[in-house]
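**Student:** protein-v7.csv is reproduced below (CSV, C-alpha atoms and all ligand atoms).
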```csv
chain,number,residue,atom,x,y,z
A,169,MET,CA,134.8,91.8,18.6
A,170,THR,CA,131.1,91.9,18.0
A,171,ASP,CA,128.9,88.8,18.4
A,172,THR,CA,127.0,89.5,15.2
A,173,PHE,CA,128.0,91.5,12.1
A,174,ARG,CA,126.4,92.5,8.8
A,175,ALA,CA,127.0,90.5,5.6
A,176,LEU,CA,125.5,90.4,2.2
A,177,LEU,CA,124.1,86.9,1.8
A,178,LEU,CA,123.4,85.4,-1.6
A,179,THR,CA,120.7,82.6,-1.5
A,180,GLN,CA,119.1,80.6,-4.3
A,181,ASP,CA,115.5,79.6,-4.4
A,182,ASP,CA,114.0,76.4,-5.9
A,183,ASP,CA,113.8,78.0,-9.3
A,184,ARG,CA,117.5,78.9,-9.1
A,185,ASN,CA,116.8,82.6,-8.8
A,186,THR,CA,119.5,84.4,-6.8
A,187,HIS,CA,118.6,86.7,-4.0
A,188,ALA,CA,120.9,89.2,-2.3
A,189,ASP,CA,120.0,90.4,1.2
A,190,PHE,CA,121.8,91.9,4.1
A,191,ALA,CA,121.8,89.6,7.2
A,192,ASP,CA,123.3,89.5,10.6
A,193,VAL,CA,125.8,86.6,10.9
A,194,THR,CA,128.2,85.4,13.6
A,195,ILE,CA,131.9,84.6,13.6
A,196,ASP,CA,130.9,80.9,13.9
A,197,ASP,CA,129.0,81.1,10.6
A,198,LEU,CA,132.2,82.0,8.8
A,199,PRO,CA,134.0,79.2,6.9
A,200,GLU,CA,137.1,77.5,8.2
A,201,GLY,CA,140.5,79.3,7.9
A,202,GLU,CA,143.6,80.2,9.9
A,203,VAL,CA,143.1,84.0,9.7
A,204,LEU,CA,140.1,86.1,10.9
A,205,VAL,CA,140.2,89.5,9.1
A,206,LYS,CA,138.3,92.6,10.1
A,207,VAL,CA,137.3,93.8,6.6
A,208,ALA,CA,137.6,97.5,6.0
A,209,TYR,CA,137.0,97.8,2.3
A,210,SER,CA,135.9,95.5,-0.6
A,211,SER,CA,135.3,96.5,-4.2
A,212,LEU,CA,133.1,95.9,-7.2
A,213,ASN,CA,134.5,93.8,-10.0
A,214,TYR,CA,132.8,92.5,-13.1
A,215,LYS,CA,132.6,89.0,-11.4
A,216,ASP,CA,130.9,90.5,-8.3
A,217,GLY,CA,128.3,92.0,-10.7
A,218,LEU,CA,127.7,88.5,-12.1
A,219,ALA,CA,127.5,87.0,-8.6
A,220,VAL,CA,125.2,89.5,-7.0
A,221,THR,CA,122.8,89.6,-9.9
A,222,GLY,CA,122.9,85.8,-10.4
A,223,SER,CA,123.3,86.4,-14.1
A,224,SER,CA,126.1,83.9,-14.5
A,225,PRO,CA,126.8,80.8,-12.4
A,226,VAL,CA,130.0,82.1,-10.7
A,227,VAL,CA,128.8,81.2,-7.2
A,228,ARG,CA,129.4,77.5,-6.5
A,229,SER,CA,127.5,77.1,-3.2
A,230,PHE,CA,124.7,78.9,-1.3
A,231,PRO,CA,124.4,80.7,1.1
A,232,MET,CA,127.4,82.8,-0.1
A,233,VAL,CA,128.9,86.1,0.9
A,234,PRO,CA,130.1,87.6,-2.3
A,235,GLY,CA,133.0,90.0,-2.8
A,236,ILE,CA,136.1,88.6,-4.6
A,237,ASP,CA,138.5,90.9,-2.8
A,238,PHE,CA,139.0,92.8,0.4
A,239,ALA,CA,141.5,94.7,2.6
A,240,GLY,CA,141.6,94.9,6.3
A,241,THR,CA,143.4,93.9,9.5
A,242,VAL,CA,144.1,90.6,11.1
A,243,GLU,CA,141.9,90.1,14.1
A,244,ALA,CA,142.9,86.6,15.1
A,245,PHE,CA,145.0,83.8,13.7
A,246,THR,CA,146.3,80.3,14.1
A,247,SER,CA,149.2,80.7,11.7
A,248,ASP,CA,152.8,81.9,12.2
A,249,ASP,CA,152.6,84.0,9.1
A,250,PHE,CA,150.5,86.9,10.5
A,251,SER,CA,150.1,88.9,13.8
A,252,VAL,CA,147.1,90.6,15.1
A,253,GLY,CA,146.8,94.1,13.6
A,254,ASP,CA,148.7,93.2,10.3
A,255,SER,CA,147.2,95.0,7.3
A,256,VAL,CA,146.4,92.5,4.6
A,257,VAL,CA,144.8,92.3,1.1
A,258,LEU,CA,143.1,89.4,-0.6
A,259,THR,CA,142.2,88.8,-4.2
A,260,GLY,CA,141.1,85.7,-6.0
A,261,TRP,CA,141.4,82.1,-4.8
A,262,GLY,CA,137.7,81.6,-5.4
A,263,VAL,CA,136.8,83.9,-2.5
A,264,GLY,CA,133.3,85.3,-3.1
A,265,GLU,CA,132.6,82.3,-5.4
A,266,LYS,CA,133.2,79.1,-3.2
A,267,HIS,CA,134.5,80.6,0.0
A,268,TRP,CA,132.7,83.5,1.8
A,269,GLY,CA,134.1,86.8,0.6
A,270,GLY,CA,134.5,90.5,1.3
A,271,TYR,CA,131.0,91.9,1.4
A,272,ALA,CA,130.9,91.4,5.2
A,273,GLU,CA,132.5,93.0,8.2
A,274,TYR,CA,134.6,89.9,8.9
A,275,ALA,CA,136.1,87.1,6.8
A,276,ARG,CA,138.0,84.0,7.7
A,277,VAL,CA,140.4,82.6,5.2
A,278,PRO,CA,143.4,80.3,4.8
A,279,ALA,CA,146.6,82.1,5.5
A,280,GLU,CA,148.0,81.5,2.0
A,281,TYR,CA,145.2,83.6,0.5
A,282,LEU,CA,146.5,86.8,2.1
A,283,VAL,CA,149.2,89.1,1.0
A,284,PRO,CA,150.7,91.8,3.4
A,285,LEU,CA,149.5,95.2,2.3
A,286,PRO,CA,152.6,97.0,1.0
A,287,ASP,CA,153.9,99.9,3.2
A,288,GLY,CA,152.4,103.2,1.9
A,289,LEU,CA,149.2,101.7,0.5
A,290,SER,CA,146.0,102.3,2.5
A,291,ALA,CA,143.3,99.7,2.7
A,292,GLU,CA,141.0,102.0,0.8
A,293,ASP,CA,143.5,102.5,-2.0
A,294,ALA,CA,144.3,98.7,-2.0
A,295,MET,CA,140.6,98.2,-2.9
A,296,ALA,CA,140.7,101.0,-5.5
A,297,VAL,CA,143.2,98.7,-7.0
A,298,GLY,CA,141.4,95.5,-6.1
A,299,THR,CA,141.2,92.4,-8.3
A,300,ALA,CA,140.9,94.7,-11.4
A,301,GLY,CA,144.1,96.7,-10.8
A,302,PHE,CA,146.0,93.7,-9.6
A,303,THR,CA,145.1,91.9,-12.8
A,304,ALA,CA,146.0,94.9,-14.9
A,305,MET,CA,149.5,94.9,-13.3
A,306,LEU,CA,149.8,91.1,-14.0
A,307,ALA,CA,149.0,91.9,-17.6
A,308,ILE,CA,151.6,94.6,-17.8
A,309,MET,CA,154.2,92.3,-16.2
A,310,ALA,CA,153.3,89.6,-18.8
A,311,LEU,CA,154.0,92.2,-21.6
A,312,GLU,CA,157.3,93.1,-20.0
A,313,ASP,CA,158.3,89.5,-19.6
A,314,ALA,CA,157.6,89.1,-23.4
A,315,GLY,CA,159.9,92.0,-24.1
A,316,VAL,CA,157.5,94.9,-24.5
A,317,SER,CA,159.1,98.2,-23.1
A,318,PRO,CA,158.1,101.9,-23.2
A,319,ASP,CA,160.3,102.6,-26.2
A,320,ALA,CA,158.6,99.7,-28.3
A,321,GLY,CA,155.7,101.9,-29.4
A,322,GLU,CA,152.0,102.3,-28.6
A,323,ILE,CA,150.0,100.1,-26.2
A,324,VAL,CA,146.3,99.9,-26.7
A,325,VAL,CA,144.0,99.3,-23.7
A,326,THR,CA,140.5,98.0,-24.3
A,327,GLY,CA,137.5,98.6,-22.1
A,328,ALA,CA,139.6,101.5,-21.0
A,329,ALA,CA,137.0,103.3,-18.9
A,330,GLY,CA,136.2,100.2,-16.9
A,331,GLY,CA,138.0,98.9,-13.8
A,332,THR,CA,140.8,96.9,-15.3
A,333,GLY,CA,141.1,99.3,-18.2
A,334,SER,CA,141.4,102.4,-16.1
A,335,MET,CA,144.0,100.8,-13.9
A,336,ALA,CA,146.0,99.6,-16.9
A,337,VAL,CA,145.9,103.1,-18.6
A,338,ALA,CA,147.0,104.8,-15.4
A,339,MET,CA,149.8,102.4,-14.5
A,340,LEU,CA,151.2,102.0,-18.1
A,341,ALA,CA,151.3,105.8,-18.5
A,342,ALA,CA,152.9,106.3,-15.1
A,343,MET,CA,155.6,103.7,-16.2
A,344,GLY,CA,156.4,105.8,-19.4
A,345,TYR,CA,154.3,103.9,-22.0
A,346,LYS,CA,152.4,105.7,-24.7
A,347,VAL,CA,148.9,104.5,-24.1
A,348,VAL,CA,145.9,104.5,-26.5
A,349,ALA,CA,142.6,104.1,-24.7
A,350,SER,CA,139.9,102.2,-26.6
A,351,THR,CA,136.4,103.0,-25.2
A,352,GLY,CA,132.8,103.1,-26.1
A,353,ARG,CA,132.4,106.1,-23.9
A,354,GLY,CA,134.8,108.6,-25.5
A,355,ASP,CA,132.2,111.3,-25.8
A,356,SER,CA,131.7,111.5,-22.0
A,357,LEU,CA,134.9,110.1,-20.6
A,358,SER,CA,137.8,111.3,-22.7
A,359,ASP,CA,138.8,113.9,-20.1
A,360,TYR,CA,138.9,111.2,-17.5
A,361,LEU,CA,141.1,108.9,-19.6
A,362,THR,CA,143.4,111.8,-20.5
A,363,SER,CA,143.7,112.6,-16.8
A,364,LEU,CA,144.9,109.0,-16.2
A,365,GLY,CA,147.6,109.5,-18.9
A,366,ALA,CA,146.1,108.2,-22.1
A,367,SER,CA,147.7,110.0,-25.1
A,368,GLU,CA,144.9,109.2,-27.5
A,369,ILE,CA,141.3,108.0,-27.1
A,370,ILE,CA,139.8,105.8,-29.8
A,371,GLY,CA,136.5,104.0,-30.2
A,372,ARG,CA,135.8,100.3,-29.7
A,373,PHE,CA,137.1,97.8,-32.3
A,374,ASP,CA,134.8,96.3,-34.9
A,375,ALA,CA,135.2,92.7,-35.9
A,376,PRO,CA,138.3,92.3,-38.2
A,377,SER,CA,137.8,92.2,-41.9
A,378,ARG,CA,141.3,90.8,-42.8
A,379,PRO,CA,143.6,88.3,-41.1
A,380,LEU,CA,146.5,90.8,-41.3
A,381,ALA,CA,146.1,94.6,-41.2
A,382,LYS,CA,148.3,97.7,-41.0
A,383,THR,CA,150.3,97.3,-37.8
A,384,ARG,CA,150.1,99.8,-35.0
A,385,TRP,CA,150.5,98.2,-31.6
A,386,ALA,CA,153.6,97.2,-29.7
A,387,GLY,CA,151.3,95.6,-27.2
A,388,ALA,CA,147.8,95.5,-25.9
A,389,VAL,CA,146.0,95.0,-22.6
A,390,ASP,CA,142.6,93.4,-23.4
A,391,SER,CA,139.7,93.1,-21.0
A,392,VAL,CA,137.1,92.7,-23.7
A,393,GLY,CA,137.8,89.5,-25.7
A,394,GLY,CA,135.6,88.5,-28.6
A,395,ASP,CA,135.7,90.6,-31.7
A,396,THR,CA,137.8,93.2,-30.0
A,397,LEU,CA,140.6,90.8,-29.3
A,398,ALA,CA,140.2,89.3,-32.8
A,399,ALA,CA,140.5,92.9,-34.3
A,400,ILE,CA,143.6,93.8,-32.4
A,401,LEU,CA,145.7,90.7,-33.3
A,402,PRO,CA,146.0,91.6,-37.0
A,403,GLU,CA,147.2,95.1,-36.0
A,404,VAL,CA,150.0,94.1,-33.7
A,405,ASN,CA,153.6,95.0,-34.7
A,406,TYR,CA,156.1,92.3,-35.6
A,407,GLY,CA,157.1,90.6,-32.3
A,408,GLY,CA,154.5,92.4,-30.2
A,409,SER,CA,152.3,90.9,-27.6
A,410,VAL,CA,148.7,91.0,-26.4
A,411,ALA,CA,147.8,90.3,-22.7
A,412,CYS,CA,144.3,88.9,-22.5
A,413,PHE,CA,142.3,88.3,-19.3
A,414,GLY,CA,138.7,89.4,-19.9
A,415,LEU,CA,135.4,88.7,-21.8
A,416,ALA,CA,133.4,91.8,-21.2
A,417,GLY,CA,132.6,91.8,-24.9
A,418,GLY,CA,132.5,88.0,-25.5
A,419,SER,CA,134.3,84.7,-24.9
A,420,ASP,CA,134.5,83.5,-28.5
A,421,LEU,CA,137.7,84.2,-30.4
A,422,GLN,CA,137.4,84.0,-34.2
A,423,THR,CA,140.9,84.6,-35.6
A,424,THR,CA,143.6,83.1,-37.8
A,425,VAL,CA,147.1,81.9,-37.1
A,426,PHE,CA,148.7,84.5,-39.4
A,427,PRO,CA,149.6,87.2,-36.8
A,428,PHE,CA,151.3,84.4,-34.8
A,429,ILE,CA,153.2,82.6,-37.7
A,430,LEU,CA,154.0,85.6,-39.9
A,431,ARG,CA,154.6,88.4,-37.4
A,432,GLY,CA,155.7,86.4,-34.3
A,433,VAL,CA,152.8,88.0,-32.3
A,434,SER,CA,152.2,86.5,-28.8
A,435,LEU,CA,148.9,86.1,-27.1
A,436,LEU,CA,149.5,86.0,-23.4
A,437,GLY,CA,146.8,84.6,-21.1
A,438,VAL,CA,146.6,86.3,-17.7
A,439,ASP,CA,144.8,84.8,-14.6
A,440,SER,CA,144.7,86.6,-11.3
A,441,VAL,CA,142.7,84.0,-9.3
A,442,MET,CA,145.3,81.3,-8.9
A,443,CYS,CA,148.4,83.5,-9.3
A,444,PRO,CA,151.3,82.2,-7.1
A,445,THR,CA,152.1,84.3,-4.0
A,446,PRO,CA,155.6,85.5,-5.0
A,447,ARG,CA,154.2,87.1,-8.2
A,448,ARG,CA,151.3,88.5,-6.1
A,449,ILE,CA,153.7,90.2,-3.8
A,450,ALA,CA,155.8,91.5,-6.7
A,451,ALA,CA,152.7,92.9,-8.4
A,452,TRP,CA,151.4,94.7,-5.3
A,453,GLU,CA,154.8,96.3,-4.8
A,454,ARG,CA,154.9,97.5,-8.4
A,455,ILE,CA,151.4,98.9,-8.0
A,456,ARG,CA,152.3,100.8,-4.8
A,457,ASP,CA,155.4,102.2,-6.6
A,458,VAL,CA,153.5,103.5,-9.7
A,459,MET,CA,150.2,104.7,-8.3
A,460,THR,CA,149.9,108.2,-7.0
A,461,ASP,CA,147.2,110.0,-4.9
A,462,GLU,CA,146.1,111.9,-7.9
A,463,LEU,CA,145.5,108.7,-9.9
A,464,PHE,CA,143.7,107.1,-7.0
A,465,SER,CA,141.4,110.2,-6.7
A,466,ALA,CA,140.6,110.1,-10.4
A,467,ILE,CA,139.9,106.4,-10.5
A,468,LYS,CA,138.1,105.6,-7.2
A,469,GLN,CA,134.5,106.1,-6.1
A,470,VAL,CA,133.9,105.1,-2.4
A,471,GLU,CA,130.4,103.8,-1.8
A,472,PRO,CA,128.6,102.3,1.2
A,473,LEU,CA,128.3,98.6,0.8
A,474,SER,CA,124.5,99.1,1.2
A,475,ASN,CA,124.6,100.5,-2.4
A,476,VAL,CA,125.9,97.2,-3.8
A,477,THR,CA,122.6,95.9,-5.3
A,478,GLU,CA,122.2,99.1,-7.4
A,479,LEU,CA,125.8,99.1,-8.6
A,480,ALA,CA,126.1,95.3,-9.4
A,481,PRO,CA,123.8,95.5,-12.5
A,482,ALA,CA,125.5,98.8,-13.6
A,483,ILE,CA,129.0,97.2,-13.9
A,484,LEU,CA,127.5,94.5,-16.1
A,485,LYS,CA,126.0,97.1,-18.4
A,486,GLY,CA,129.4,98.8,-18.7
A,487,ASP,CA,128.1,101.9,-16.9
A,488,VAL,CA,130.7,102.0,-14.1
A,489,ARG,CA,133.6,104.3,-14.5
A,490,GLY,CA,136.9,103.3,-13.0
A,491,ARG,CA,136.8,101.5,-9.6
A,492,VAL,CA,134.0,101.3,-7.0
A,493,VAL,CA,135.4,100.8,-3.5
A,494,PHE,CA,132.9,99.6,-0.8
A,495,ASP,CA,133.1,100.7,2.8
A,496,VAL,CA,131.8,97.5,4.4
A,497,SER,CA,130.9,99.3,7.7
A,498,LYS,CA,128.2,101.4,5.9
A,501,LIG,P1,134.3,96.6,-16.1
A,501,LIG,O1,132.9,96.4,-16.3
A,501,LIG,O2,134.7,97.6,-15.0
A,501,LIG,O3,135.0,97.1,-17.4
A,501,LIG,C1,134.7,96.4,-18.6
A,501,LIG,C2,134.7,97.4,-19.8
A,501,LIG,O4,134.6,96.7,-21.0
A,501,LIG,C3,133.5,98.4,-19.8
A,501,LIG,O5,133.7,99.5,-18.9
A,501,LIG,C4,133.5,98.8,-21.2
A,501,LIG,O6,134.5,99.8,-21.3
A,501,LIG,C5,134.0,97.6,-21.9
A,501,LIG,N1,132.9,96.8,-22.5
A,501,LIG,C6,131.8,96.3,-21.9
A,501,LIG,N2,131.0,95.6,-22.7
A,501,LIG,C7,131.6,95.7,-23.9
A,501,LIG,C8,131.3,95.2,-25.2
A,501,LIG,N3,130.2,94.5,-25.4
A,501,LIG,N4,132.1,95.4,-26.2
A,501,LIG,C9,133.3,96.2,-26.0
A,501,LIG,N5,133.6,96.7,-24.8
A,501,LIG,C10,132.8,96.4,-23.8
A,501,LIG,O7,134.9,95.2,-15.7
A,501,LIG,P2,136.4,94.8,-15.2
A,501,LIG,O8,137.4,95.8,-15.7
A,501,LIG,O9,136.3,94.6,-13.7
A,501,LIG,O10,136.6,93.4,-15.9
A,501,LIG,C11,136.8,93.3,-17.3
A,501,LIG,C12,136.9,91.9,-17.7
A,501,LIG,O11,138.1,91.3,-17.2
A,501,LIG,C13,135.7,91.0,-17.2
A,501,LIG,O12,135.4,90.1,-18.3
A,501,LIG,C14,136.3,90.3,-16.1
A,501,LIG,O13,135.6,89.1,-15.8
A,501,LIG,C15,137.7,90.1,-16.5
A,501,LIG,N6,138.6,89.8,-15.4
A,501,LIG,C16,139.4,88.7,-15.5
A,501,LIG,C17,140.3,88.5,-14.5
A,501,LIG,C18,141.2,87.3,-14.6
A,501,LIG,O14,141.9,86.9,-13.6
A,501,LIG,N7,141.3,86.6,-15.8
A,501,LIG,C19,140.5,89.3,-13.3
A,501,LIG,C20,139.7,90.6,-13.4
A,501,LIG,C21,138.8,90.8,-14.4
A,501,LIG,P3,134.3,101.1,-22.2
A,501,LIG,O15,133.1,101.8,-21.7
A,501,LIG,O16,135.5,101.9,-21.9
A,501,LIG,O17,134.2,100.7,-23.6
```
What would the structure in this file look like if it were written as structure tokens?

**Tutor:**
Amino acid sequence: MTDTFRALLLTQDDDRNTHADFADVTIDDLPEGEVLVKVAYSSLNYKDGLAVTGSSPVVRSFPMVPGIDFAGTVEAFTSDDFSVGDSVVLTGWGVGEKHWGGYAEYARVPAEYLVPLPDGLSAEDAMAVGTAGFTAMLAIMALEDAGVSPDAGEIVVTGAAGGTGSMAVAMLAAMGYKVVASTGRGDSLSDYLTSLGASEIIGRFDAPSRPLAKTRWAGAVDSVGGDTLAAILPEVNYGGSVACFGLAGGSDLQTTVFPFILRGVSLLGVDSVMCPTPRRIAAWERIRDVMTDELFSAIKQVEPLSNVTELAPAILKGDVRGRVVFDVSK
């Protein structure tokens, strides 16, 4: 084990401007926790973009190592749950926001934050999934729990070319659903979305003009929120459901109760950060079962962590396609 290792450190100056710089830190600098993990890969999520650029107050204390997810191997532990060399994955729990995260070669975390990496899933592919893909699977499981099945009809995925959207399109299609991808980048990325399994590409949604519209969707996976979510609800079939977890397009929701009280539509909230461990394990096993090497190759882009400060603003602008995986050793 090295004495010092590289980490991306976020600091804040007196004017509350955030600065992101690589620094050498020591194991003793890491926060308390039962498990020391040698991090192999982390990833770029929307929230990481907010943290690294300082454009939204997601980081609760400074200095902070961002990176809301990571995969690696257990290096040392004081917990019976893990052994040295175990492959593990972490998403959520406020890591990268209030507990040092994955943009470093080592992380130390409470044992309950970690999930064993399912057999057959590499650390690199686990971070191609990352928080985004894990959340997409939680959304699919929420739709299933509400009774949505592949024979129910079309599922629309919003923000389809982004991280959560790409993973939702790929996994729903692999599970036999007919997936319609809603994207603002159909001109350039329709081949990409088709390669993930989308059966149709449509544009973004405009704000709704009526409380109820012609129905089309058996279900929806929505990462955009705002007017997009408001526009989908009036188009959901009788008894259909919408799984909502994102605000890439806005956090306000201007809608009416009519889809809910006249069509029995359900709006399902999905949170990945505090998701209980048994559901985490179930979701990771489902992900391992549906994702293929071809899908991973189409979705992931492996980058050295040193490129993070260029890529963080890009994800906030909606310019990132699919999933960026960071090799933290580079
Ligand atoms: P990405 O930036 O990778 O994807 C978001 C996509 O949304 C973009 O690629 C773009 O897709 C679309 N989009 C962006 N801006 C707009 C806009 N103004 N109007 C309509 N569409 C827009 O982010 P992620 O997929 O990582 O995350 C998506 C959202 O989900 C974020 O808000 C994030 O915070 C949230 N999230 C929530 C979680 C939870 O636990 N609740 C967990 C993970 C993510 P396109 O170009 O195809 O139109």

**Student:** Which one is closest to ligand LIG 501 (chain A): A:Val207, A:Leu178, A:Leu282, A:Ala219? Count all atoms listed in the file.

**Tutor:**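 Result for the nearest residue to ligand LIG 501 (chain A): A:Ala219.
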
**Student:** Between A:Leu218, A:Val438, A:Val496, A:Ala336, single out the one closest to ligand LIG 501 (chain A), counting only C-alpha atoms and all ligand atoms.

**Tutor:** A:Val438

**Student:** Neighbouring residues of Gly365 (chain A) were defined as those with any atom within 8 Å, considering all atoms listed in the file; residues of the same chain fewer than 5 positions away were excluded. Please report them as a list in words.

**Tutor:**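 The contact residues come out as Val337, Ala338, Ala341, Ala342 and Val347 of chain A.
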
**Student:** Residues within 8 Å of ligand LIG 501 (chain A) should be enumerated using all atoms listed in the file and returned as a PyMOL selection string.

**Tutor:** chain A and resi 212-215+260+299-304+326-334+349-354+371-373+390-393+396+412-418+437-441+483-491

**Student:** Quick one, how far is CA of Ala314 (chain A) from CA of Ala398 (chain A)?

**Tutor:** 19.8 Å

**Student:** Could you work out how far CA of Ser223 (chain A) lies from CA of Leu177 (chain A), giving the answer in Å with one decimal?

**Tutor:**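 Distance reported for this atom pair: 15.9 Å.
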
**Student:** If we count only C-alpha atoms, what is near Asp237 (chain A) at a cut-off of 6 Å, once residues fewer than 6 positions away on the same chain are taken out, given as a PyMOL selection string?

**Tutor:** chain A and resi 210+258-259+270

**Student:** Fewer than 3 positions away in the same chain doesn't count, so skip those; otherwise give me all residues within 6 Å of Lys206 (chain A), counting all atoms listed in the file, as a list in words.

**Tutor:**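 Counting only the stated atoms, we get Gly240, Thr241, Glu243 and Tyr274 of chain A.
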
**Student:** So how many Å separate CA of Ala239 (chain A) and CA of Leu176 (chain A), to one decimal?

**Tutor:**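 Here the two named atoms are 16.6 Å from each other.
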
**Student:** I'd like the contact shell of Leu421 (chain A) - 8 Å cut-off, only C-alpha atoms, skipping same-chain residues fewer than 2 positions apart - returned as a count of residues only.

**Tutor:** 7

**Student:** For each of A:Glu312, A:Gly387, A:Leu380, A:Asp248, take the minimum atom-to-atom distance to Lys346 (chain A), counting all atoms listed in the file, then give the residue where this is smallest.

**Tutor:**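 Once distances to Lys346 (chain A) are computed over all atoms listed in the file, the minimum belongs to A:Gly387.
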